[in-house]
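Structure record follows, encoded as structure tokens.
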2 protein chains.
Amino acid sequence: MGKSAARLKDIAEKTGFSVNTVSLALRGSPRIPDETRRQISEAAEQLNYLPNQVAKSLVLKETKSIGLILTDITNPVLTAVAQAVELELSKRGYLTLFATSNSNPELERKMIESFRARRADGMLVFPCNHRKLDHIRQLRARNYPVVLLVGDPDAGVDAVCMDERAGAFKAVSHLLENGHRRVAIFDGSGQEGNREKIDGYKMALAAADVAFDDALVVAPNGHDVRSGYQAMEALAARDVGATAVICPTDSAALGALRYCVRHGIRVPQDMAIFGFDNTEFGEHAVTALSSVNYDIGAITKLAIDRVISLINSEGDLPQAEVTQVEPDLVIRESTAPLSAD
Amino acid sequence: MGKSAARLKDIAEKTGFSVNTVSLALRGSPRIPDETRRQISEAAEQLNYLPNQVAKSLVLKETKSIGLILTDITNPVLTAVAQAVELELSKRGYLTLFATSNSNPELERKMIESFRARRADGMLVFPCNHRKLDHIRQLRARNYPVVLLVGDPDAGVDAVCMDERAGAFKAVSHLLENGHRRVAIFDGSGQEGNREKIDGYKMALAAADVAFDDALVVAPNGHDVRSGYQAMEALAARDVGATAVICPTDSAALGALRYCVRHGIRVPQDMAIFGFDNTEFGEHAVTALSSVNYDIGAITKLAIDRVISLINSEGDLPQAEVTQVEPDLVIRESTAPLSAD
DNA sequence: GTGAAAGCGCTAACAG
DNA sequence: CTGTTAGCGCTTTCAC
């Protein structure tokens with residue numbers, strides 16, 4: 001805390017007015033005549049006065065700050081989310097309190113408490129687990145504004161997010177329409193309760209009357225490049241005739257691509273690769289990635305609109321609302337119709 | 001601000017003790033007998049009490065929060081820095097206030113003010129401009145703990161950072177030792193006052209008695225993948241016989257690599273590519289990038305040690321100290337000795 | 001037009 | 001052992 005900052009009192013003493021007058025003048029009250037205001041402003045300037053927001057927060061009961069909790073900012077989409085949230089929030093006069101849960105539910109809980117103790121006006125959270133949301137539901141029940149960046153339609157908590165189920169559905173359908181029949185997917189199949197992608201995958205298969213085959217789903221160790229490489233290695237080892245694969249993220253897709261390049265598997269001719277999230281590195285990969293676009297701008301804007309409206313709501317919070325943004329596909333070089341041979 | 005949270009007063013009324021006793025009990029003062037403490041804790045629990053940090057901050061004159069200002073979190077190194085800073089800070093009981101300057105000096109200034117108004121105990125800043133640091137110097141002069149993540153040895157402000165000059169020197173020297181004579185560099189040559197890399201580049205040439213040639217330096221539009229691609233395109237168009245290139249970031253190097261792959265330039269045989277920062281996407285590129293390592297863990301730890309020691313220093317701040325961490329090279333597939341042909 | 005007083009939720013100093 | 005008082009820096013209400 002900047003050691004000895006000037007206070008209203010200091011400028012009051014310097015100018016001979018009372019603390020009250022100074023406060024009013026500095027906040028531009030019409031009740032203060034111009035000359036007085038001028039003197040006060042000048043003294044404030046000289047003393048390098050900056051209002052103490054913590055004192056202000058205490059009386060106003062609002063901190064103009066919003067907490068953002070992400071699992072891991074290293075994931076490029078979350079990086080972009082953090083950037084977008086901070087930018088939008090600062091435009092609206094809010095400060096961003098930032099924390100990472102490292103996908104650890106215990107830490108997530110701790111950070112939520114910490115934000116609450118600091119009286120953040122609201123929170124945006126990308127939860128570790130898409131299903132176990134009791135602690136967050138409870139927060140909301142106590143009228144604390146929270147909105148999730150991941151959506152469970154019946155979680156009872158506000159959320160705005162990409163519709164991953166629809167994204168996976170579209171991507172798989174696209175592949176199917178282009179003649180692929182053996183479409184693999186890298187997915188943890190719900191270990192973390194995040195079943196959206198695999199659900200969409202199955203729906204697309206069903207809609208096209210293609211049988212689901214367990215052998216085509218491989219559980220990666222994570223969502224990063226290395227995990228994608230390893231998953232592709234595992235898939236190749238199974239030798240189950242896959243001609244296309246849906247990856248959980250662009251990073252994983254990049255790893256898969258790398259495996260293919262290094263093992264003489266041509267992309268997209270021998271193996272079509274679909275990424276998720278449409279990131280910069282996917283777009284500019286040696287073979288540009290087809291991907292499911294994550295419309296970060298739209299999502300963060302909606303999410304922020306929502307928390308702020310919750311913050312400004314009188315009395316009890318309104319009913320929870322979940323908004324799913326339907327993603328578009330971005331088709332580039334890593335996918336192509338199944339070739340005849 | 002969570003609408004109606006329990007206060008010490010509420011639990012005082014509920015238990016019949018005074019606010020003071022409750023406060024002491026909850027903070028584990030030895031002066032309070034176990035039975036009293038038990039009753040109080042129980043009541044606190046029931047009321048779902050959480051201490052109001054803003055009130056606490058007001059009296060204690062410390063917020064246990066530190067501001068982090070980055071230019072642009074989208075740059076993978078800065079992403080990693082943000083992650084590392086948040087993690088380390090939370091381990092030490094500090095909250096991270098986060099802001100982005102978007103490389104805009106005006107915004108940077110504004111964010112610094114905002115943090116100061118909120119009485120962040122200190123700040124970590126990655127400034128837009130490595131030379132124009134007056135506003136920050138001034139802050140420090142008023143005893144505000146700041147440490148920069150970019151170093152100007154004679155800025156008069158604490159800093160801990162990677163020694164980019166040494167990094168560039170090492171990378172260029174490595175190339176030179178491996179027979180390269182026409183080493184290009186993508187660098188803005190100091191438009192933003194960030195001359196470290198080009199300085200190191202020139203020093204290495206001088207040390208090896210290789211003449212500096214303007215034609216080998218191309219100014220990129222930025223540090224991202226696309227800029228790297230364009231810079232490589234520009235370099236190729238000049239046709240000045242470059243056999244190696246130093247890129248300002250791994251992202252730019254990835255762009256350069258992409259250009260080469262798409263135009264039949266073999267990497268590293270026809271063109272050796274050196275990146276900077278050693279990022280995940282560089283490591284796992286189709287042709288793994290040689291790079292100058294940015295030891296984020298070490299740097300953030302030192303920087304945080306420093307701000308915290310400044311925060312805890314009594315009276316005036318001690319003399320500014322700048323710590324430069326010398327980077328190591330990571331040699332992978334994108335560079336090789338100049339081939340004889 | 002301007003000032004005095006009270007209070008936000010908490011801690012610290014001092015009594016008892 | 002526990003309670004009372006004062007005060008952190010600000011805003012708000014109400015007098016003058």
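Ordering of the structure tokens sets the chain letters (A, B, ...); residue numbers start at 1 within each chain; ligands are numbered from 1 in the order shown.
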
* Asked: Quick one: residues within 12 Å of DG9 of chain C, only C-alpha atoms (C1' of nucleotides) counted, chain neighbours fewer than 6 positions away excluded, as a ChimeraX atom specification?
  -> /A:54-55,57-59,61 /B:5-10,19-20,23,50-59 /D:8

Would you save the residues from that selection as a CSV table (one decimal), in the first residue's frame, using N, CA, C and O atoms (P, O5', C5', C4', C3', O3' and C1' of nucleotides)?
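Generated file (selection25.csv):
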```csv
chain,number,residue,atom,x,y,z
A,54,VAL,N,-10.1,1.6,-1.4
A,54,VAL,CA,-10.5,0.6,-0.4
A,54,VAL,C,-11.4,1.3,0.6
A,54,VAL,O,-12.5,0.7,1.0
A,55,ALA,N,-11.2,2.5,1.0
A,55,ALA,CA,-12.1,3.2,1.9
A,55,ALA,C,-13.4,3.5,1.2
A,55,ALA,O,-14.5,3.2,1.7
A,57,SER,N,-14.7,1.7,-1.2
A,57,SER,CA,-15.4,0.4,-1.4
A,57,SER,C,-16.1,0.1,-0.1
A,57,SER,O,-17.2,-0.4,-0.1
A,58,LEU,N,-15.5,0.4,1.0
A,58,LEU,CA,-16.0,0.0,2.3
A,58,LEU,C,-17.4,0.7,2.5
A,58,LEU,O,-18.3,0.1,2.9
A,59,VAL,N,-17.4,2.0,2.2
A,59,VAL,CA,-18.7,2.7,2.4
A,59,VAL,C,-19.7,2.4,1.3
A,59,VAL,O,-20.9,2.2,1.5
A,61,LYS,N,-19.9,-0.2,-0.6
A,61,LYS,CA,-20.3,-1.6,-0.7
A,61,LYS,C,-20.2,-2.1,-2.1
A,61,LYS,O,-21.0,-2.9,-2.5
B,5,ALA,N,-23.5,-10.0,3.6
B,5,ALA,CA,-22.7,-11.0,4.3
B,5,ALA,C,-22.7,-10.7,5.8
B,5,ALA,O,-22.9,-9.6,6.3
B,6,ALA,N,-22.4,-11.8,6.6
B,6,ALA,CA,-22.3,-11.7,8.0
B,6,ALA,C,-21.1,-10.8,8.4
B,6,ALA,O,-20.1,-10.9,7.8
B,7,ARG,N,-21.3,-10.1,9.5
B,7,ARG,CA,-20.2,-9.3,10.0
B,7,ARG,C,-19.8,-9.8,11.4
B,7,ARG,O,-20.5,-10.5,12.1
B,8,LEU,N,-18.7,-9.3,11.9
B,8,LEU,CA,-18.3,-9.6,13.3
B,8,LEU,C,-19.4,-9.3,14.2
B,8,LEU,O,-19.7,-10.1,15.2
B,9,LYS,N,-20.0,-8.2,14.0
B,9,LYS,CA,-21.1,-7.7,14.9
B,9,LYS,C,-22.2,-8.8,15.0
B,9,LYS,O,-22.8,-9.0,16.1
B,10,ASP,N,-22.6,-9.4,13.8
B,10,ASP,CA,-23.6,-10.4,13.8
B,10,ASP,C,-23.3,-11.6,14.7
B,10,ASP,O,-24.1,-12.0,15.5
B,19,VAL,N,-17.6,-7.6,19.9
B,19,VAL,CA,-17.0,-7.6,18.6
B,19,VAL,C,-15.5,-7.9,18.7
B,19,VAL,O,-15.0,-8.8,18.0
B,20,ASN,N,-14.9,-7.3,19.7
B,20,ASN,CA,-13.5,-7.5,19.9
B,20,ASN,C,-13.1,-8.9,20.2
B,20,ASN,O,-12.2,-9.5,19.6
B,23,SER,N,-13.4,-11.0,17.2
B,23,SER,CA,-12.3,-10.8,16.2
B,23,SER,C,-11.1,-11.5,16.7
B,23,SER,O,-10.4,-12.3,15.9
B,50,LEU,N,-17.3,-14.7,6.5
B,50,LEU,CA,-16.0,-14.5,5.8
B,50,LEU,C,-15.6,-13.1,6.1
B,50,LEU,O,-16.3,-12.2,5.9
B,51,PRO,N,-14.4,-13.0,6.7
B,51,PRO,CA,-13.9,-11.6,7.0
B,51,PRO,C,-13.9,-10.7,5.8
B,51,PRO,O,-13.6,-11.1,4.7
B,52,ASN,N,-14.3,-9.5,6.1
B,52,ASN,CA,-14.3,-8.5,5.0
B,52,ASN,C,-12.9,-7.9,4.8
B,52,ASN,O,-12.5,-7.1,5.6
B,53,GLN,N,-12.3,-8.4,3.7
B,53,GLN,CA,-10.9,-7.9,3.5
B,53,GLN,C,-10.8,-6.5,3.2
B,53,GLN,O,-9.8,-5.9,3.4
B,54,VAL,N,-11.9,-5.9,2.7
B,54,VAL,CA,-11.7,-4.4,2.4
B,54,VAL,C,-11.6,-3.6,3.7
B,54,VAL,O,-10.8,-2.7,3.8
B,55,ALA,N,-12.4,-4.0,4.7
B,55,ALA,CA,-12.4,-3.3,5.9
B,55,ALA,C,-11.0,-3.6,6.6
B,55,ALA,O,-10.3,-2.6,7.1
B,56,LYS,N,-10.6,-4.8,6.5
B,56,LYS,CA,-9.3,-5.2,7.1
B,56,LYS,C,-8.1,-4.4,6.4
B,56,LYS,O,-7.3,-3.9,7.1
B,57,SER,N,-8.2,-4.3,5.1
B,57,SER,CA,-7.2,-3.6,4.3
B,57,SER,C,-7.1,-2.1,4.8
B,57,SER,O,-6.0,-1.6,4.9
B,58,LEU,N,-8.3,-1.6,5.0
B,58,LEU,CA,-8.3,-0.2,5.4
B,58,LEU,C,-7.6,0.1,6.7
B,58,LEU,O,-6.8,1.0,6.8
B,59,VAL,N,-7.8,-0.8,7.7
B,59,VAL,CA,-7.1,-0.5,8.9
B,59,VAL,C,-5.6,-1.0,8.9
B,59,VAL,O,-4.7,-0.3,9.4
D,8,DC,P,-7.2,8.0,11.7
D,8,DC,O5',-6.9,7.0,10.5
D,8,DC,C5',-6.0,5.9,10.5
D,8,DC,C4',-6.5,4.9,9.5
D,8,DC,C3',-7.1,5.5,8.3
D,8,DC,O3',-6.1,5.6,7.3
D,8,DC,C1',-8.4,3.6,9.1
```

* Surrounding residues of Ser290 of chain B excluding itself and chain neighbours under 4 positions, 12 Å, only C-alpha atoms (C1' of nucleotides), as a PyMOL selection string -> chain B and resi 171-172+174-175+244-247+249-250+253-254+257+267-268+272-285+328-336

Residue selection dump (N, CA and C atoms) as an mmCIF file, in the first residue's frame:
```
data_model
loop_
_atom_site.group_PDB
_atom_site.id
_atom_site.type_symbol
_atom_site.label_atom_id
_atom_site.label_comp_id
_atom_site.auth_asym_id
_atom_site.auth_seq_id
_atom_site.Cartn_x
_atom_site.Cartn_y
_atom_site.Cartn_z
ATOM 1 N N ALA B 171 22.961 -16.843 -29.563
ATOM 2 C CA ALA B 171 22.335 -17.494 -30.711
ATOM 3 C C ALA B 171 23.120 -17.199 -31.987
ATOM 4 N N VAL B 172 23.458 -15.944 -32.178
ATOM 5 C CA VAL B 172 24.188 -15.571 -33.396
ATOM 6 C C VAL B 172 25.571 -16.223 -33.386
ATOM 7 N N HIS B 174 26.445 -18.937 -31.992
ATOM 8 C CA HIS B 174 26.276 -20.361 -32.286
ATOM 9 C C HIS B 174 26.203 -20.589 -33.792
ATOM 10 N N LEU B 175 25.410 -19.771 -34.451
ATOM 11 C CA LEU B 175 25.255 -19.896 -35.897
ATOM 12 C C LEU B 175 26.591 -19.638 -36.594
ATOM 13 N N ALA B 244 20.632 -18.212 -42.515
ATOM 14 C CA ALA B 244 20.097 -18.403 -41.171
ATOM 15 C C ALA B 244 19.381 -17.129 -40.765
ATOM 16 N N VAL B 245 18.454 -17.280 -39.807
ATOM 17 C CA VAL B 245 17.740 -16.099 -39.341
ATOM 18 C C VAL B 245 17.401 -16.218 -37.865
ATOM 19 N N ILE B 246 17.514 -15.079 -37.197
ATOM 20 C CA ILE B 246 17.148 -14.986 -35.783
ATOM 21 C C ILE B 246 15.785 -14.307 -35.728
ATOM 22 N N CYS B 247 14.821 -14.972 -35.113
ATOM 23 C CA CYS B 247 13.485 -14.392 -35.020
ATOM 24 C C CYS B 247 13.259 -13.836 -33.613
ATOM 25 N N THR B 249 10.687 -13.972 -31.698
ATOM 26 C CA THR B 249 9.927 -14.869 -30.814
ATOM 27 C C THR B 249 9.784 -16.215 -31.518
ATOM 28 N N ASP B 250 9.364 -17.210 -30.752
ATOM 29 C CA ASP B 250 9.088 -18.501 -31.373
ATOM 30 C C ASP B 250 7.915 -18.387 -32.347
ATOM 31 N N ALA B 253 9.135 -17.260 -35.508
ATOM 32 C CA ALA B 253 9.927 -18.337 -36.103
ATOM 33 C C ALA B 253 9.010 -19.376 -36.755
ATOM 34 N N LEU B 254 7.886 -19.622 -36.107
ATOM 35 C CA LEU B 254 6.918 -20.569 -36.659
ATOM 36 C C LEU B 254 6.388 -20.044 -37.997
ATOM 37 N N LEU B 257 9.088 -20.517 -40.511
ATOM 38 C CA LEU B 257 9.145 -21.938 -40.858
ATOM 39 C C LEU B 257 8.049 -22.276 -41.864
ATOM 40 N N VAL B 267 14.412 -26.528 -44.117
ATOM 41 C CA VAL B 267 14.897 -26.070 -42.817
ATOM 42 C C VAL B 267 15.400 -27.316 -42.092
ATOM 43 N N PRO B 268 16.633 -27.377 -41.658
ATOM 44 C CA PRO B 268 17.581 -26.267 -41.578
ATOM 45 C C PRO B 268 18.577 -26.179 -42.751
ATOM 46 N N ALA B 272 18.519 -21.917 -41.681
ATOM 47 C CA ALA B 272 18.460 -22.259 -40.256
ATOM 48 C C ALA B 272 17.588 -21.207 -39.581
ATOM 49 N N ILE B 273 16.723 -21.653 -38.688
ATOM 50 C CA ILE B 273 15.824 -20.708 -38.018
ATOM 51 C C ILE B 273 15.999 -20.787 -36.506
ATOM 52 N N PHE B 274 16.241 -19.641 -35.923
ATOM 53 C CA PHE B 274 16.387 -19.579 -34.473
ATOM 54 C C PHE B 274 15.207 -18.810 -33.892
ATOM 55 N N GLY B 275 14.561 -19.386 -32.896
ATOM 56 C CA GLY B 275 13.457 -18.695 -32.245
ATOM 57 C C GLY B 275 13.936 -18.030 -30.963
ATOM 58 N N PHE B 276 12.982 -17.484 -30.244
ATOM 59 C CA PHE B 276 13.294 -16.810 -28.989
ATOM 60 C C PHE B 276 12.173 -17.142 -28.013
ATOM 61 N N ASP B 277 12.520 -17.527 -26.836
ATOM 62 C CA ASP B 277 11.607 -17.758 -25.711
ATOM 63 C C ASP B 277 11.322 -19.223 -25.410
ATOM 64 N N ASN B 278 11.583 -20.084 -26.383
ATOM 65 C CA ASN B 278 11.400 -21.522 -26.148
ATOM 66 C C ASN B 278 10.006 -21.868 -25.638
ATOM 67 N N THR B 279 9.044 -21.781 -26.515
ATOM 68 C CA THR B 279 7.661 -22.054 -26.134
ATOM 69 C C THR B 279 7.210 -23.450 -26.554
ATOM 70 N N GLU B 280 6.113 -23.848 -25.984
ATOM 71 C CA GLU B 280 5.545 -25.167 -26.274
ATOM 72 C C GLU B 280 5.344 -25.386 -27.772
ATOM 73 N N PHE B 281 4.770 -24.404 -28.444
ATOM 74 C CA PHE B 281 4.471 -24.595 -29.861
ATOM 75 C C PHE B 281 5.728 -24.635 -30.718
ATOM 76 N N GLY B 282 6.774 -23.992 -30.242
ATOM 77 C CA GLY B 282 8.041 -24.066 -30.953
ATOM 78 C C GLY B 282 8.660 -25.449 -30.776
ATOM 79 N N GLU B 283 8.629 -25.918 -29.556
ATOM 80 C CA GLU B 283 9.209 -27.222 -29.252
ATOM 81 C C GLU B 283 8.544 -28.328 -30.047
ATOM 82 N N HIS B 284 7.248 -28.220 -30.216
ATOM 83 C CA HIS B 284 6.522 -29.300 -30.886
ATOM 84 C C HIS B 284 6.140 -28.987 -32.314
ATOM 85 N N ALA B 285 6.816 -28.020 -32.900
ATOM 86 C CA ALA B 285 6.532 -27.721 -34.302
ATOM 87 C C ALA B 285 6.944 -28.918 -35.152
ATOM 88 N N ASP B 328 19.993 -19.754 -21.721
ATOM 89 C CA ASP B 328 20.723 -20.818 -22.416
ATOM 90 C C ASP B 328 20.083 -21.056 -23.773
ATOM 91 N N LEU B 329 20.850 -21.626 -24.650
ATOM 92 C CA LEU B 329 20.296 -21.983 -25.960
ATOM 93 C C LEU B 329 19.713 -23.384 -25.884
ATOM 94 N N VAL B 330 18.674 -23.598 -26.655
ATOM 95 C CA VAL B 330 18.119 -24.945 -26.786
ATOM 96 C C VAL B 330 18.215 -25.266 -28.267
ATOM 97 N N ILE B 331 19.085 -26.190 -28.595
ATOM 98 C CA ILE B 331 19.276 -26.498 -30.009
ATOM 99 C C ILE B 331 18.435 -27.695 -30.406
ATOM 100 N N ARG B 332 17.590 -27.502 -31.401
ATOM 101 C CA ARG B 332 16.749 -28.606 -31.850
ATOM 102 C C ARG B 332 16.951 -28.802 -33.350
ATOM 103 N N GLU B 333 15.864 -28.969 -34.077
ATOM 104 C CA GLU B 333 16.022 -29.360 -35.478
ATOM 105 C C GLU B 333 16.100 -28.201 -36.467
ATOM 106 N N SER B 334 15.704 -27.020 -36.060
ATOM 107 C CA SER B 334 15.596 -25.948 -37.047
ATOM 108 C C SER B 334 16.923 -25.249 -37.361
ATOM 109 N N THR B 335 17.982 -25.663 -36.676
ATOM 110 C CA THR B 335 19.298 -25.108 -37.023
ATOM 111 C C THR B 335 20.282 -26.257 -37.194
ATOM 112 N N ALA B 336 21.296 -26.039 -38.005
ATOM 113 C CA ALA B 336 22.327 -27.053 -38.229
ATOM 114 C C ALA B 336 23.538 -26.341 -38.821
#
```

* Tell me which protein, DNA and RNA residues are within 10 Å of Phe115 of chain A, counting only C-alpha atoms (C1' of nucleotides), leaving out same-chain ones fewer than 2 positions away, and put them as a PyMOL selection string. => (chain A and resi 65-69+97-99+110-113+117-123) or (chain B and resi 1+53+95)

Can you write out the residues you just picked, keeping C-alpha atoms, as an mmCIF file, in the first residue's frame?
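Contents of selection_6.cif, as written:
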```
data_model
loop_
_atom_site.group_PDB
_atom_site.id
_atom_site.type_symbol
_atom_site.label_atom_id
_atom_site.label_comp_id
_atom_site.auth_asym_id
_atom_site.auth_seq_id
_atom_site.Cartn_x
_atom_site.Cartn_y
_atom_site.Cartn_z
ATOM 1 C CA SER A 65 -13.816 -5.536 -9.426
ATOM 2 C CA ILE A 66 -14.727 -8.904 -10.837
ATOM 3 C CA GLY A 67 -12.938 -12.168 -10.216
ATOM 4 C CA LEU A 68 -11.920 -14.415 -13.078
ATOM 5 C CA ILE A 69 -11.063 -18.013 -12.299
ATOM 6 C CA LEU A 97 -8.932 -10.144 -10.158
ATOM 7 C CA PHE A 98 -7.273 -13.123 -11.653
ATOM 8 C CA ALA A 99 -6.734 -16.647 -10.415
ATOM 9 C CA LYS A 110 -10.157 -21.482 -2.164
ATOM 10 C CA MET A 111 -9.928 -18.854 -4.862
ATOM 11 C CA ILE A 112 -13.673 -18.356 -4.838
ATOM 12 C CA GLU A 113 -13.525 -17.744 -1.101
ATOM 13 C CA ALA A 117 -13.630 -12.147 1.088
ATOM 14 C CA ARG A 118 -12.282 -9.311 -1.016
ATOM 15 C CA ARG A 119 -15.796 -8.447 -1.964
ATOM 16 C CA ALA A 120 -15.395 -8.779 -5.695
ATOM 17 C CA ASP A 121 -18.703 -7.588 -7.082
ATOM 18 C CA GLY A 122 -19.067 -10.769 -9.077
ATOM 19 C CA MET A 123 -17.180 -13.643 -10.647
ATOM 20 C CA MET B 1 -20.186 -7.090 -3.187
ATOM 21 C CA GLN B 53 -10.924 -7.949 3.484
ATOM 22 C CA LEU B 95 -3.932 -11.945 -4.886
#
```

* Asked: Where does DSSP see helix (DSSP H, G or I) in segment 98-336 of chain B, if you list the residues as a VMD selection string?
  -> chain B and resid 105 to 117 134 to 141 164 to 177 196 to 207 214 to 216 225 to 238 250 to 262 280 to 283 296 to 312

Quick one: contact table of chain C to chain A, 8 Å max, nearest atom pair and distance in Å to one decimal per residue, counting only C-alpha atoms (C1' of nucleotides), chain and number order, as a Markdown table?
```
| residue | atom | partner | partner_atom | distance |
| --- | --- | --- | --- | --- |
| C:DG1 | C1' | A:Ile32 | CA | 6.7 |
| C:DT2 | C1' | A:Thr21 | CA | 6.6 |
| C:DG3 | C1' | A:Ser18 | CA | 6.4 |
| C:DC8 | C1' | A:Val59 | CA | 4.4 |
| C:DG9 | C1' | A:Leu58 | CA | 7.7 |
```

With N, CA, C and O atoms (P, O5', C5', C4', C3', O3' and C1' of nucleotides) retained, export the selected residues as a PDB file, in the first residue's frame.
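Output contents, as saved in out-v6.pdb:
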```
ATOM      1  P    DG C   1     -24.611  29.397  -3.349  1.00  0.00           P
ATOM      2  O5'  DG C   1     -23.071  29.281  -3.508  1.00  0.00           O
ATOM      3  C5'  DG C   1     -22.489  28.024  -3.183  1.00  0.00           C
ATOM      4  C4'  DG C   1     -21.557  28.305  -2.020  1.00  0.00           C
ATOM      5  C3'  DG C   1     -20.475  27.271  -1.837  1.00  0.00           C
ATOM      6  O3'  DG C   1     -19.373  27.879  -1.163  1.00  0.00           O
ATOM      7  C1'  DG C   1     -22.018  27.090  -0.045  1.00  0.00           C
ATOM      8  P    DT C   2     -18.093  27.129  -0.777  1.00  0.00           P
ATOM      9  O5'  DT C   2     -18.446  26.441   0.601  1.00  0.00           O
ATOM     10  C5'  DT C   2     -18.291  27.231   1.786  1.00  0.00           C
ATOM     11  C4'  DT C   2     -18.648  26.384   2.982  1.00  0.00           C
ATOM     12  C3'  DT C   2     -17.704  25.205   3.216  1.00  0.00           C
ATOM     13  O3'  DT C   2     -16.945  25.553   4.365  1.00  0.00           O
ATOM     14  C1'  DT C   2     -19.978  24.652   3.635  1.00  0.00           C
ATOM     15  P    DG C   3     -15.868  24.610   4.960  1.00  0.00           P
ATOM     16  O5'  DG C   3     -16.679  23.949   6.161  1.00  0.00           O
ATOM     17  C5'  DG C   3     -17.249  24.803   7.129  1.00  0.00           C
ATOM     18  C4'  DG C   3     -18.009  23.976   8.146  1.00  0.00           C
ATOM     19  C3'  DG C   3     -17.212  22.806   8.725  1.00  0.00           C
ATOM     20  O3'  DG C   3     -17.449  22.792  10.123  1.00  0.00           O
ATOM     21  C1'  DG C   3     -19.266  22.019   7.847  1.00  0.00           C
ATOM     22  P    DC C   8     -22.682   1.095  10.245  1.00  0.00           P
ATOM     23  O5'  DC C   8     -21.972   0.481   8.975  1.00  0.00           O
ATOM     24  C5'  DC C   8     -22.359   0.770   7.655  1.00  0.00           C
ATOM     25  C4'  DC C   8     -21.174   0.513   6.747  1.00  0.00           C
ATOM     26  C3'  DC C   8     -20.294  -0.648   7.237  1.00  0.00           C
ATOM     27  O3'  DC C   8     -20.691  -1.840   6.569  1.00  0.00           O
ATOM     28  C1'  DC C   8     -18.981   1.290   6.553  1.00  0.00           C
ATOM     29  P    DG C   9     -21.158  -3.151   7.377  1.00  0.00           P
ATOM     30  O5'  DG C   9     -19.782  -3.821   7.807  1.00  0.00           O
ATOM     31  C5'  DG C   9     -18.915  -4.332   6.815  1.00  0.00           C
ATOM     32  C4'  DG C   9     -17.558  -4.579   7.441  1.00  0.00           C
ATOM     33  C3'  DG C   9     -17.592  -5.494   8.674  1.00  0.00           C
ATOM     34  O3'  DG C   9     -16.672  -6.544   8.441  1.00  0.00           O
ATOM     35  C1'  DG C   9     -16.385  -3.519   9.142  1.00  0.00           C
TER      36       DG C   9
END
```

* Contact set, chain D to chain A: 9 Å, only C-alpha atoms (C1' of nucleotides), as a list in words ->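 The selection requested is DC8, DG9, DC10 and DT11 of chain D.
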
* In Å to one decimal, how far is atom CA of Ala12 of chain B from atom C1' of DG3 of chain D? -> 11.9 Å
